[in-house]
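Peer 1: File follows, my_file.json with JSON, C-alpha atoms and all ligand atoms:
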[["chain", "number", "residue", "atom", "x", "y", "z"],
["A", 1, "MET", "CA", -3.30, -21.94, 5.53],
["A", 2, "ARG", "CA", -2.62, -18.21, 5.82],
["A", 3, "HIS", "CA", -3.99, -15.21, 3.99],
["A", 4, "LEU", "CA", -3.01, -11.54, 3.98],
["A", 5, "ILE", "CA", -6.17, -9.48, 4.32],
["A", 6, "SER", "CA", -5.18, -6.82, 6.85],
["A", 7, "PRO", "CA", -1.75, -5.35, 7.66],
["A", 8, "LEU", "CA", -2.19, -6.77, 11.16],
["A", 9, "ASP", "CA", -2.27, -10.37, 9.93],
["A", 10, "PHE", "CA", 1.48, -10.52, 10.53],
["A", 11, "SER", "CA", 2.98, -9.83, 13.95],
["A", 12, "VAL", "CA", 5.84, -7.34, 14.20],
["A", 13, "GLU", "CA", 8.27, -10.29, 14.47],
["A", 14, "GLU", "CA", 6.81, -11.97, 11.38],
["A", 15, "LEU", "CA", 7.02, -8.68, 9.52],
["A", 16, "GLU", "CA", 10.65, -8.37, 10.51],
["A", 17, "ARG", "CA", 11.35, -11.80, 9.00],
["A", 18, "LEU", "CA", 9.43, -10.93, 5.85],
["A", 19, "LEU", "CA", 11.30, -7.65, 5.35],
["A", 20, "ASN", "CA", 14.64, -9.39, 6.00],
["A", 21, "LEU", "CA", 13.69, -11.97, 3.39],
["A", 22, "ALA", "CA", 12.80, -9.18, 0.93],
["A", 23, "ASN", "CA", 16.24, -7.58, 1.48],
["A", 24, "ASP", "CA", 17.93, -10.94, 0.94],
["A", 25, "ILE", "CA", 15.96, -11.40, -2.30],
["A", 26, "GLU", "CA", 17.06, -7.93, -3.41],
["A", 27, "ASN", "CA", 20.72, -8.81, -2.78],
["A", 28, "ASN", "CA", 20.68, -12.42, -4.03],
["A", 29, "PRO", "CA", 17.98, -12.73, -6.69],
["A", 30, "ASP", "CA", 19.50, -15.84, -8.30],
["A", 31, "LYS", "CA", 19.11, -17.82, -5.12],
["A", 32, "TYR", "CA", 15.32, -17.54, -5.46],
["A", 33, "ALA", "CA", 14.99, -17.97, -9.24],
["A", 34, "ASP", "CA", 13.40, -21.45, -9.07],
["A", 35, "ALA", "CA", 11.78, -21.29, -5.65],
["A", 36, "CYS", "CA", 8.22, -21.36, -7.05],
["A", 37, "LYS", "CA", 8.75, -23.70, -9.99],
["A", 38, "ARG", "CA", 5.40, -25.19, -11.11],
["A", 39, "LYS", "CA", 3.48, -22.87, -8.75],
["A", 40, "LYS", "CA", 0.80, -20.58, -10.13],
["A", 41, "LEU", "CA", -0.35, -17.16, -8.98],
["A", 42, "ALA", "CA", -3.81, -15.96, -9.99],
["A", 43, "THR", "CA", -4.33, -12.19, -10.15],
["A", 44, "CYS", "CA", -8.04, -11.36, -9.97],
["A", 45, "PHE", "CA", -8.31, -7.62, -10.45],
["A", 46, "TYR", "CA", -11.81, -6.13, -10.53],
["A", 47, "GLU", "CA", -10.36, -2.59, -10.41],
["A", 48, "PRO", "CA", -7.65, -0.82, -12.44],
["A", 49, "SER", "CA", -4.04, -1.39, -11.45],
["A", 50, "THR", "CA", -0.59, -1.08, -12.94],
["A", 51, "ARG", "CA", 1.97, -1.53, -10.18],
["A", 52, "THR", "CA", 0.18, -3.88, -7.86],
["A", 53, "ARG", "CA", -0.85, -6.41, -10.49],
["A", 54, "LEU", "CA", 2.32, -6.24, -12.55],
["A", 55, "SER", "CA", 4.58, -6.31, -9.50],
["A", 56, "PHE", "CA", 2.74, -9.42, -8.27],
["A", 57, "GLU", "CA", 3.19, -11.02, -11.67],
["A", 58, "ALA", "CA", 6.85, -9.98, -11.88],
["A", 59, "ALA", "CA", 7.34, -11.36, -8.36],
["A", 60, "MET", "CA", 5.96, -14.78, -9.28],
["A", 61, "LEU", "CA", 7.89, -14.88, -12.57],
["A", 62, "ASN", "CA", 11.12, -13.94, -10.73],
["A", 63, "LEU", "CA", 10.49, -16.93, -8.47],
["A", 64, "GLY", "CA", 10.20, -19.28, -11.45],
["A", 65, "GLY", "CA", 6.42, -19.63, -11.19],
["A", 66, "SER", "CA", 3.62, -18.79, -13.62],
["A", 67, "VAL", "CA", 0.73, -16.37, -13.57],
["A", 68, "LEU", "CA", -2.85, -16.32, -14.78],
["A", 69, "GLY", "CA", -5.75, -13.99, -14.16],
["A", 70, "PHE", "CA", -7.86, -11.10, -15.32],
["A", 71, "ALA", "CA", -7.32, -7.36, -15.21],
["A", 72, "GLY", "CA", -10.85, -5.99, -15.08],
["A", 73, "ALA", "CA", -14.30, -6.97, -13.89],
["A", 74, "ASP", "CA", -15.56, -6.63, -17.45],
["A", 75, "SER", "CA", -13.31, -9.39, -18.70],
["A", 76, "SER", "CA", -14.31, -11.85, -15.95],
["A", 77, "SER", "CA", -17.60, -13.59, -15.19],
["A", 78, "ALA", "CA", -18.34, -10.83, -12.69],
["A", 79, "ALA", "CA", -19.83, -9.10, -15.74],
["A", 80, "LYS", "CA", -22.32, -12.00, -15.90],
["A", 81, "GLY", "CA", -23.17, -11.65, -12.23],
["A", 82, "GLU", "CA", -20.89, -14.25, -10.63],
["A", 83, "SER", "CA", -20.10, -13.67, -6.94],
["A", 84, "VAL", "CA", -16.56, -13.34, -5.58],
["A", 85, "SER", "CA", -17.23, -16.45, -3.44],
["A", 86, "ASP", "CA", -17.98, -18.61, -6.47],
["A", 87, "THR", "CA", -15.09, -17.21, -8.47],
["A", 88, "ILE", "CA", -12.54, -17.93, -5.73],
["A", 89, "ARG", "CA", -13.80, -21.51, -5.28],
["A", 90, "VAL", "CA", -13.06, -22.13, -8.92],
["A", 91, "ILE", "CA", -9.71, -20.29, -8.89],
["A", 92, "SER", "CA", -8.70, -22.47, -5.93],
["A", 93, "SER", "CA", -8.48, -25.42, -8.28],
["A", 94, "TYR", "CA", -6.56, -23.50, -10.96],
["A", 95, "ALA", "CA", -3.84, -21.77, -8.93],
["A", 96, "ASP", "CA", -1.76, -22.12, -5.74],
["A", 97, "ILE", "CA", -2.18, -18.55, -4.48],
["A", 98, "CYS", "CA", -4.39, -15.61, -5.42],
["A", 99, "ALA", "CA", -4.09, -11.82, -5.25],
["A", 100, "ILE", "CA", -7.45, -10.06, -5.46],
["A", 101, "ARG", "CA", -8.40, -6.40, -5.88],
["A", 102, "HIS", "CA", -12.03, -5.38, -5.62],
["A", 103, "PRO", "CA", -13.94, -2.10, -5.30],
["A", 104, "LYS", "CA", -15.97, -3.39, -2.34],
["A", 105, "GLU", "CA", -14.62, -3.17, 1.20],
["A", 106, "GLY", "CA", -14.35, -6.67, 2.67],
["A", 107, "ALA", "CA", -14.30, -8.51, -0.68],
["A", 108, "ALA", "CA", -10.89, -10.09, -0.01],
["A", 109, "LEU", "CA", -12.06, -11.29, 3.39],
["A", 110, "VAL", "CA", -15.10, -12.93, 1.82],
["A", 111, "ALA", "CA", -12.87, -14.55, -0.80],
["A", 112, "ALA", "CA", -10.51, -15.88, 1.89],
["A", 113, "SER", "CA", -13.40, -17.46, 3.78],
["A", 114, "LYS", "CA", -14.29, -19.58, 0.73],
["A", 115, "SER", "CA", -10.81, -20.20, -0.61],
["A", 116, "GLU", "CA", -8.69, -23.33, -0.53],
["A", 117, "ILE", "CA", -5.56, -21.36, -1.42],
["A", 118, "PRO", "CA", -3.90, -18.35, 0.27],
["A", 119, "VAL", "CA", -5.63, -15.09, -0.63],
["A", 120, "ILE", "CA", -3.83, -11.76, -0.70],
["A", 121, "ASN", "CA", -5.80, -8.53, -0.46],
["A", 122, "ALA", "CA", -4.47, -6.31, -3.25],
["A", 123, "GLY", "CA", -6.86, -3.49, -2.27],
["A", 124, "ASP", "CA", -10.50, -3.62, -1.13],
["A", 125, "GLY", "CA", -12.31, -0.38, -1.93],
["A", 126, "GLY", "CA", -11.36, 2.49, 0.37],
["A", 127, "HIS", "CA", -10.49, 0.07, 3.17],
["A", 128, "GLN", "CA", -7.05, -1.58, 3.16],
["A", 129, "HIS", "CA", -4.08, -2.24, 0.91],
["A", 130, "PRO", "CA", -1.71, -4.39, 2.98],
["A", 131, "THR", "CA", 0.82, -5.24, 0.28],
["A", 132, "GLN", "CA", 1.33, -1.55, -0.44],
["A", 133, "THR", "CA", 2.02, -1.23, 3.27],
["A", 134, "LEU", "CA", 4.62, -4.00, 3.11],
["A", 135, "THR", "CA", 6.19, -2.07, 0.24],
["A", 136, "ASP", "CA", 6.13, 1.17, 2.24],
["A", 137, "LEU", "CA", 7.62, -0.47, 5.33],
["A", 138, "LEU", "CA", 10.39, -2.09, 3.31],
["A", 139, "THR", "CA", 11.16, 1.24, 1.64],
["A", 140, "ILE", "CA", 11.29, 3.20, 4.89],
["A", 141, "ARG", "CA", 13.27, 0.51, 6.73],
["A", 142, "SER", "CA", 15.76, 0.06, 3.88],
["A", 143, "LEU", "CA", 16.36, 3.77, 3.35],
["A", 144, "LYS", "CA", 16.04, 5.09, 6.92],
["A", 145, "GLY", "CA", 17.33, 2.01, 8.71],
["A", 146, "ARG", "CA", 14.42, 1.87, 11.14],
["A", 147, "LEU", "CA", 10.65, 1.85, 11.58],
["A", 148, "ASP", "CA", 10.60, 3.38, 15.04],
["A", 149, "ASN", "CA", 11.34, 6.94, 16.18],
["A", 150, "LEU", "CA", 9.91, 8.58, 13.09],
["A", 151, "THR", "CA", 7.66, 11.52, 12.32],
["A", 152, "ILE", "CA", 5.57, 10.58, 9.31],
["A", 153, "GLY", "CA", 3.45, 13.05, 7.35],
["A", 154, "LEU", "CA", 0.51, 11.63, 5.42],
["A", 155, "CYS", "CA", -0.83, 14.11, 2.90],
["A", 156, "GLY", "CA", -3.81, 14.26, 0.56],
["A", 157, "ASP", "CA", -6.86, 12.03, 0.49],
["A", 158, "LEU", "CA", -6.75, 10.50, 3.96],
["A", 159, "LYS", "CA", -10.46, 9.69, 3.84],
["A", 160, "PHE", "CA", -10.59, 7.34, 0.87],
["A", 161, "GLY", "CA", -6.91, 6.44, 0.59],
["A", 162, "ARG", "CA", -6.64, 2.79, 1.56],
["A", 163, "THR", "CA", -2.83, 2.88, 1.48],
["A", 164, "VAL", "CA", -2.90, 5.46, 4.27],
["A", 165, "HIS", "CA", -5.32, 3.43, 6.38],
["A", 166, "SER", "CA", -3.17, 0.32, 6.15],
["A", 167, "LEU", "CA", 0.08, 2.17, 6.77],
["A", 168, "ILE", "CA", -1.23, 3.77, 9.95],
["A", 169, "HIS", "CA", -2.43, 0.39, 11.26],
["A", 170, "ALA", "CA", 1.01, -1.06, 10.64],
["A", 171, "LEU", "CA", 3.13, 1.81, 11.96],
["A", 172, "VAL", "CA", 1.36, 2.37, 15.28],
["A", 173, "ARG", "CA", 2.95, -0.89, 16.45],
["A", 174, "TYR", "CA", 6.43, 0.66, 16.44],
["A", 175, "GLU", "CA", 7.90, 2.75, 19.27],
["A", 176, "ASN", "CA", 7.69, 6.51, 19.13],
["A", 177, "VAL", "CA", 6.12, 6.95, 15.71],
["A", 178, "ARG", "CA", 4.30, 10.28, 15.38],
["A", 179, "PHE", "CA", 1.91, 11.24, 12.60],
["A", 180, "VAL", "CA", 1.10, 14.55, 10.99],
["A", 181, "LEU", "CA", -2.14, 14.12, 9.05],
["A", 182, "ILE", "CA", -2.29, 16.74, 6.31],
["A", 183, "SER", "CA", -5.58, 17.02, 4.45],
["A", 184, "PRO", "CA", -8.42, 19.36, 3.58],
["A", 185, "GLU", "CA", -11.30, 19.25, 6.06],
["A", 186, "GLU", "CA", -13.42, 17.04, 3.77],
["A", 187, "LEU", "CA", -10.71, 14.43, 3.28],
["A", 188, "ARG", "CA", -9.67, 13.93, 6.90],
["A", 189, "ILE", "CA", -8.83, 10.50, 8.22],
["A", 190, "PRO", "CA", -11.94, 8.39, 9.01],
["A", 191, "GLU", "CA", -13.27, 8.59, 12.54],
["A", 192, "TYR", "CA", -12.64, 4.87, 13.19],
["A", 193, "ILE", "CA", -8.93, 5.29, 12.56],
["A", 194, "ARG", "CA", -8.67, 8.47, 14.62],
["A", 195, "GLU", "CA", -10.56, 6.98, 17.56],
["A", 196, "ASP", "CA", -9.95, 3.23, 17.46],
["A", 197, "VAL", "CA", -6.39, 3.20, 16.21],
["A", 198, "LEU", "CA", -4.61, 6.48, 16.97],
["A", 199, "LYS", "CA", -6.32, 7.63, 20.15],
["A", 200, "ALA", "CA", -6.93, 4.12, 21.50],
["A", 201, "LYS", "CA", -3.23, 3.34, 21.23],
["A", 202, "GLY", "CA", -2.14, 6.71, 22.63],
["A", 203, "VAL", "CA", -0.25, 7.58, 19.45],
["A", 204, "GLU", "CA", 0.92, 11.16, 19.04],
["A", 205, "PHE", "CA", -0.70, 12.81, 16.02],
["A", 206, "GLN", "CA", -1.86, 16.17, 14.74],
["A", 207, "GLU", "CA", -4.17, 17.14, 11.93],
["A", 208, "VAL", "CA", -3.27, 20.15, 9.80],
["A", 209, "GLU", "CA", -4.41, 21.60, 6.52],
["A", 210, "ARG", "CA", -1.31, 23.33, 5.17],
["A", 211, "LEU", "CA", 1.58, 21.19, 3.95],
["A", 212, "GLU", "CA", 3.97, 24.14, 4.42],
["A", 213, "ASP", "CA", 3.20, 24.21, 8.15],
["A", 214, "ALA", "CA", 4.13, 20.57, 8.64],
["A", 215, "ILE", "CA", 6.81, 19.62, 6.15],
["A", 216, "GLY", "CA", 9.78, 20.90, 8.18],
["A", 217, "SER", "CA", 9.26, 18.42, 11.02],
["A", 218, "LEU", "CA", 8.93, 15.25, 8.93],
["A", 219, "ASP", "CA", 11.26, 12.26, 8.49],
["A", 220, "ALA", "CA", 9.03, 10.93, 5.71],
["A", 221, "LEU", "CA", 6.25, 12.52, 3.69],
["A", 222, "TYR", "CA", 3.71, 10.12, 2.19],
["A", 223, "MET", "CA", 1.84, 11.89, -0.61],
["A", 224, "THR", "CA", -1.40, 10.45, -1.99],
["A", 225, "ARG", "CA", -3.68, 10.93, -4.96],
["A", 226, "VAL", "CA", -7.21, 12.26, -4.43],
["A", 227, "GLN", "CA", -9.22, 9.06, -5.01],
["A", 228, "LYS", "CA", -11.47, 10.18, -7.86],
["A", 229, "GLU", "CA", -13.25, 6.82, -8.17],
["A", 230, "ARG", "CA", -14.55, 6.96, -4.56],
["A", 231, "PHE", "CA", -16.20, 10.38, -4.85],
["A", 232, "PHE", "CA", -19.95, 10.66, -5.05],
["A", 233, "ASN", "CA", -19.92, 13.75, -7.23],
["A", 234, "GLU", "CA", -17.47, 15.17, -9.71],
["A", 235, "GLU", "CA", -17.72, 18.77, -8.47],
["A", 236, "ASP", "CA", -16.18, 17.85, -5.11],
["A", 237, "TYR", "CA", -13.41, 15.94, -6.84],
["A", 238, "ILE", "CA", -12.58, 18.85, -9.12],
["A", 239, "ARG", "CA", -12.52, 21.27, -6.21],
["A", 240, "LEU", "CA", -10.18, 19.08, -4.16],
["A", 241, "LYS", "CA", -7.96, 17.37, -6.69],
["A", 242, "ASP", "CA", -5.22, 20.01, -6.78],
["A", 243, "PHE", "CA", -5.38, 20.98, -3.12],
["A", 244, "TYR", "CA", -1.76, 19.87, -2.65],
["A", 245, "VAL", "CA", 1.06, 20.13, -5.11],
["A", 246, "LEU", "CA", 4.49, 19.32, -3.72],
["A", 247, "ASN", "CA", 6.99, 21.41, -5.67],
["A", 248, "LYS", "CA", 10.59, 22.52, -5.22],
["A", 249, "ALA", "CA", 9.58, 25.63, -3.28],
["A", 250, "LYS", "CA", 7.69, 23.64, -0.65],
["A", 251, "LEU", "CA", 10.40, 21.01, -0.57],
["A", 252, "SER", "CA", 12.95, 23.68, 0.34],
["A", 253, "LEU", "CA", 11.30, 23.79, 3.79],
["A", 254, "ALA", "CA", 11.91, 20.07, 4.41],
["A", 255, "LYS", "CA", 14.78, 18.27, 6.14],
["A", 256, "ASP", "CA", 17.68, 17.21, 3.91],
["A", 257, "ASP", "CA", 17.03, 13.55, 4.60],
["A", 258, "MET", "CA", 13.21, 13.52, 4.48],
["A", 259, "LEU", "CA", 11.93, 10.68, 2.29],
["A", 260, "ILE", "CA", 9.16, 11.48, -0.19],
["A", 261, "LEU", "CA", 6.97, 8.44, -0.71],
["A", 262, "HIS", "CA", 3.91, 7.94, -2.91],
["A", 263, "PRO", "CA", 2.13, 4.66, -3.64],
["A", 264, "LEU", "CA", 1.59, 5.93, -7.21],
["A", 265, "PRO", "CA", -0.13, 6.63, -9.57],
["A", 266, "ARG", "CA", 0.74, 10.30, -9.22],
["A", 267, "VAL", "CA", -1.60, 12.83, -10.82],
["A", 268, "ASN", "CA", -0.74, 16.46, -9.92],
["A", 269, "GLU", "CA", 0.15, 16.16, -6.25],
["A", 270, "ILE", "CA", 3.90, 15.97, -6.87],
["A", 271, "ALA", "CA", 5.35, 18.28, -9.51],
["A", 272, "VAL", "CA", 7.59, 16.48, -12.00],
["A", 273, "GLU", "CA", 10.41, 18.89, -11.03],
["A", 274, "VAL", "CA", 10.64, 17.05, -7.70],
["A", 275, "ASP", "CA", 11.47, 13.70, -9.32],
["A", 276, "ASP", "CA", 15.19, 14.46, -9.57],
["A", 277, "ASP", "CA", 15.51, 15.39, -5.91],
["A", 278, "PRO", "CA", 17.42, 12.66, -4.03],
["A", 279, "ARG", "CA", 14.67, 12.66, -1.41],
["A", 280, "ALA", "CA", 12.08, 11.52, -3.98],
["A", 281, "VAL", "CA", 12.03, 7.74, -3.60],
["A", 282, "TYR", "CA", 8.63, 6.82, -5.06],
["A", 283, "PHE", "CA", 10.02, 5.04, -8.09],
["A", 284, "LYS", "CA", 12.46, 3.13, -5.90],
["A", 285, "GLN", "CA", 9.47, 2.31, -3.68],
["A", 286, "ALA", "CA", 7.70, 0.68, -6.64],
["A", 287, "LYS", "CA", 10.77, -1.52, -7.12],
["A", 288, "TYR", "CA", 10.77, -2.58, -3.47],
["A", 289, "GLY", "CA", 7.19, -3.70, -4.11],
["A", 290, "VAL", "CA", 8.46, -6.59, -6.21],
["A", 291, "TYR", "CA", 10.94, -7.84, -3.58],
["A", 292, "VAL", "CA", 8.40, -7.69, -0.80],
["A", 293, "ARG", "CA", 5.75, -9.48, -2.86],
["A", 294, "MET", "CA", 8.30, -12.20, -3.66],
["A", 295, "ALA", "CA", 8.91, -12.55, 0.08],
["A", 296, "LEU", "CA", 5.17, -12.64, 0.72],
["A", 297, "ILE", "CA", 4.48, -15.35, -1.87],
["A", 298, "LEU", "CA", 7.25, -17.52, -0.40],
["A", 299, "THR", "CA", 5.97, -16.96, 3.12],
["A", 300, "LEU", "CA", 2.31, -17.74, 2.35],
["A", 301, "LEU", "CA", 3.26, -20.81, 0.30],
["A", 302, "ASN", "CA", 5.56, -21.96, 3.11],
["A", 303, "ILE", "CA", 8.54, -22.26, 0.79],
["A", 304, "GLU", "CA", 11.97, -22.02, 2.38],
["A", 305, "VAL", "CA", 15.04, -21.37, 0.26],
["B", 401, "LIG", "C1", -2.89, 2.75, -4.73],
["B", 401, "LIG", "C2", -4.23, 2.02, -4.64],
["B", 401, "LIG", "O1", -4.61, 1.31, -5.58],
["B", 401, "LIG", "O2", -4.84, 2.16, -3.61],
["B", 401, "LIG", "N1", -2.14, 2.36, -5.85],
["B", 401, "LIG", "C3", -1.28, 1.31, -5.73],
["B", 401, "LIG", "O3", -1.68, 0.20, -5.52],
["B", 401, "LIG", "N2", 0.04, 1.56, -5.79],
["B", 401, "LIG", "C4", -3.00, 4.22, -4.60],
["B", 401, "LIG", "C5", -3.89, 4.96, -5.56],
["B", 401, "LIG", "O4", -4.51, 4.37, -6.44],
["B", 401, "LIG", "O5", -3.95, 6.18, -5.43]]
Render the structure in this file as structure tokens.
Peer 2:
Amino acid sequence: MRHLISPLDFSVEELERLLNLANDIENNPDKYADACKRKKLATCFYEPSTRTRLSFEAAMLNLGGSVLGFAGADSSSAAKGESVSDTIRVISSYADICAIRHPKEGAALVAASKSEIPVINAGDGGHQHPTQTLTDLLTIRSLKGRLDNLTIGLCGDLKFGRTVHSLIHALVRYENVRFVLISPEELRIPEYIREDVLKAKGVEFQEVERLEDAIGSLDALYMTRVQKERFFNEEDYIRLKDFYVLNKAKLSLAKDDMLILHPLPRVNEIAVEVDDDPRAVYFKQAKYGVYVRMALILTLLNIEV
């Protein structure tokens, strides 16, 4: 039995197969319409979510399966003090596969260790978000045609942003990928990623504070929201929340074919005026999230169509 807890749980070759499957699903949805008949997906979300939970549910419904679950810790027995380990043991006998989101780092790993069904990490605190990474990889590969030879800018809350952490882990495995890490001093990438991932692998990267200084060199710009819920005090959040606002003026410095990605939700970091620019692909990205989650469910359930 396989789980998806970290973006490194799939080899580059397995990822290639998964992304190919996602593209085939996009082009031939009818072929997959009954692939998960009588299978059930449980979504156990202890933290707020719109896209991740609903795209998982849409994915399972598109495959002919059913969904069950809860959308907040308050509406589950967590509110009574039940542990994740106990909850997943029970869910194992109700569903065939489970996607879990939890505010604590490592919660999905704990769940997987006690589970009798495949567990998918749908976000564990400020740590990882591997299915967002699958979405990001599918988006970049589909729209750029490659995952190697790219200069990727990651901008915003690089400290708490789990989507950024997972994406870096995944992308360092491709040839000639360079990173420009754009953040205020206080929201720089965690030390363990700088040292153990980027430096250890000899990946080319630079850290800058001004978006204007970096934007011109990028093939893709990954904007992120300042992660309000992970701050220890509100003052810091308020001071940092509008540090970056991508608007038309800044975008005029970028390459004509630079992709603008964002895992969403967007707050103020991308001005609405940017949405109509052909380079803005964040809503398309959310759509790719459904195809890739369909491919993931099929892969983890070992279903071949
Ligand atoms: C992200 C998350 O939950 O980490 N959202 C998502 O799943 N698309 C990013 C965020 O909340 O800022």
Peer 1: What does the distance from atom C3 of ligand LIG 401 (chain B) to CA of Thr133 (chain A) come to in Å, to one decimal?
Peer 2: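 Interatomic distance here is 9.9 Å.
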Peer 1: Enumerate, in order of chain and increasing residue number, the residues of chain A with an atom no farther than 9 Å from ligand LIG 401 (chain B), each with its shortest atom pair and distance in Å to one decimal, counting all atoms listed in the file, as a Markdown table.
Peer 2:
| residue | atom | partner | partner_atom | distance |
| --- | --- | --- | --- | --- |
| A:Glu47 | CA | B:LIG401 | O1 | 8.5 |
| A:Pro48 | CA | B:LIG401 | O1 | 7.8 |
| A:Ser49 | CA | B:LIG401 | O1 | 6.5 |
| A:Thr50 | CA | B:LIG401 | O3 | 7.6 |
| A:Arg51 | CA | B:LIG401 | N2 | 5.7 |
| A:Thr52 | CA | B:LIG401 | O3 | 5.1 |
| A:Arg53 | CA | B:LIG401 | O3 | 8.3 |
| A:Arg101 | CA | B:LIG401 | O1 | 8.6 |
| A:Ala122 | CA | B:LIG401 | O3 | 7.4 |
| A:Gly123 | CA | B:LIG401 | O2 | 6.1 |
| A:Asp124 | CA | B:LIG401 | O2 | 8.5 |
| A:Gly125 | CA | B:LIG401 | O2 | 8.1 |
| A:Gly126 | CA | B:LIG401 | O2 | 7.6 |
| A:Gln128 | CA | B:LIG401 | O2 | 8.0 |
| A:His129 | CA | B:LIG401 | O2 | 6.4 |
| A:Thr131 | CA | B:LIG401 | O3 | 8.3 |
| A:Gln132 | CA | B:LIG401 | O3 | 6.2 |
| A:Asp157 | CA | B:LIG401 | O5 | 8.8 |
| A:Phe160 | CA | B:LIG401 | O2 | 8.9 |
| A:Gly161 | CA | B:LIG401 | O2 | 6.3 |
| A:Arg162 | CA | B:LIG401 | O2 | 5.5 |
| A:Thr163 | CA | B:LIG401 | O2 | 5.5 |
| A:Val164 | CA | B:LIG401 | O2 | 8.8 |
| A:Thr224 | CA | B:LIG401 | O5 | 6.0 |
| A:Arg225 | CA | B:LIG401 | O5 | 4.8 |
| A:Val226 | CA | B:LIG401 | O5 | 7.0 |
| A:Gln227 | CA | B:LIG401 | O5 | 6.0 |
| A:Lys228 | CA | B:LIG401 | O5 | 8.9 |
| A:His262 | CA | B:LIG401 | N2 | 8.0 |
| A:Pro263 | CA | B:LIG401 | N2 | 4.3 |
| A:Leu264 | CA | B:LIG401 | N2 | 4.8 |
| A:Pro265 | CA | B:LIG401 | O5 | 5.7 |
| A:Arg266 | CA | B:LIG401 | O5 | 7.3 |
| A:Val267 | CA | B:LIG401 | O5 | 8.9 |
| A:Ala286 | CA | B:LIG401 | N2 | 7.8 |
Peer 1: Interatomic distance between CA of His165 (chain A) and CA of Asp24 (chain A)?
Peer 2: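 Result for CA of His165 (chain A) versus CA of Asp24 (chain A): 27.9 Å, one decimal.
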Peer 1: Using all atoms listed in the file, find the one residue out of A:Leu181, A:Leu158, A:Leu137, A:Leu218 that sits nearest to Asn23 (chain A).
Peer 2: A:Leu137
Peer 1: Show which residues sit within 10 Å of Ile25 (chain A), as a PDB file with C-alpha atoms, in the coordinates of the input. Count only C-alpha atoms, and ignore same-chain residues fewer than 2 positions away.
Peer 2:
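Okay, selection_39.pdb is ready:
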ATOM      1  CA  LEU A  19      11.300  -7.650   5.350  1.00  0.00           C
ATOM      2  CA  ASN A  20      14.640  -9.390   6.000  1.00  0.00           C
ATOM      3  CA  LEU A  21      13.690 -11.970   3.390  1.00  0.00           C
ATOM      4  CA  ALA A  22      12.800  -9.180   0.930  1.00  0.00           C
ATOM      5  CA  ASN A  23      16.240  -7.580   1.480  1.00  0.00           C
ATOM      6  CA  ASN A  27      20.720  -8.810  -2.780  1.00  0.00           C
ATOM      7  CA  ASN A  28      20.680 -12.420  -4.030  1.00  0.00           C
ATOM      8  CA  PRO A  29      17.980 -12.730  -6.690  1.00  0.00           C
ATOM      9  CA  ASP A  30      19.500 -15.840  -8.300  1.00  0.00           C
ATOM     10  CA  LYS A  31      19.110 -17.820  -5.120  1.00  0.00           C
ATOM     11  CA  TYR A  32      15.320 -17.540  -5.460  1.00  0.00           C
ATOM     12  CA  ALA A  33      14.990 -17.970  -9.240  1.00  0.00           C
ATOM     13  CA  LEU A  63      10.490 -16.930  -8.470  1.00  0.00           C
ATOM     14  CA  VAL A 290       8.460  -6.590  -6.210  1.00  0.00           C
ATOM     15  CA  TYR A 291      10.940  -7.840  -3.580  1.00  0.00           C
ATOM     16  CA  VAL A 292       8.400  -7.690  -0.800  1.00  0.00           C
ATOM     17  CA  MET A 294       8.300 -12.200  -3.660  1.00  0.00           C
ATOM     18  CA  ALA A 295       8.910 -12.550   0.080  1.00  0.00           C
TER      19      ALA A 295
END
Peer 1: One number please: CA of Phe205 (chain A) to CA of Pro7 (chain A), in Å, one decimal.
Peer 2: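 Computing the Euclidean distance for CA of Phe205 (chain A) and CA of Pro7 (chain A) yields 20.0 Å.
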Peer 1: Using only C-alpha atoms, which of A:Val12, A:Leu296, A:Arg2, A:Ala73 sits nearest His169 (chain A)?
Peer 2: A:Val12
Peer 1: Can you tell me which residues surround region 273-282 of chain A at a distance of at most 12 Å, considering only C-alpha atoms, apart from same-chain residues fewer than 4 positions away, and format the answer as a VMD selection string?
Peer 2: chain A and resid 51 135 to 136 139 to 140 142 to 144 219 to 224 245 to 252 254 to 266 268 to 269 286 to 289
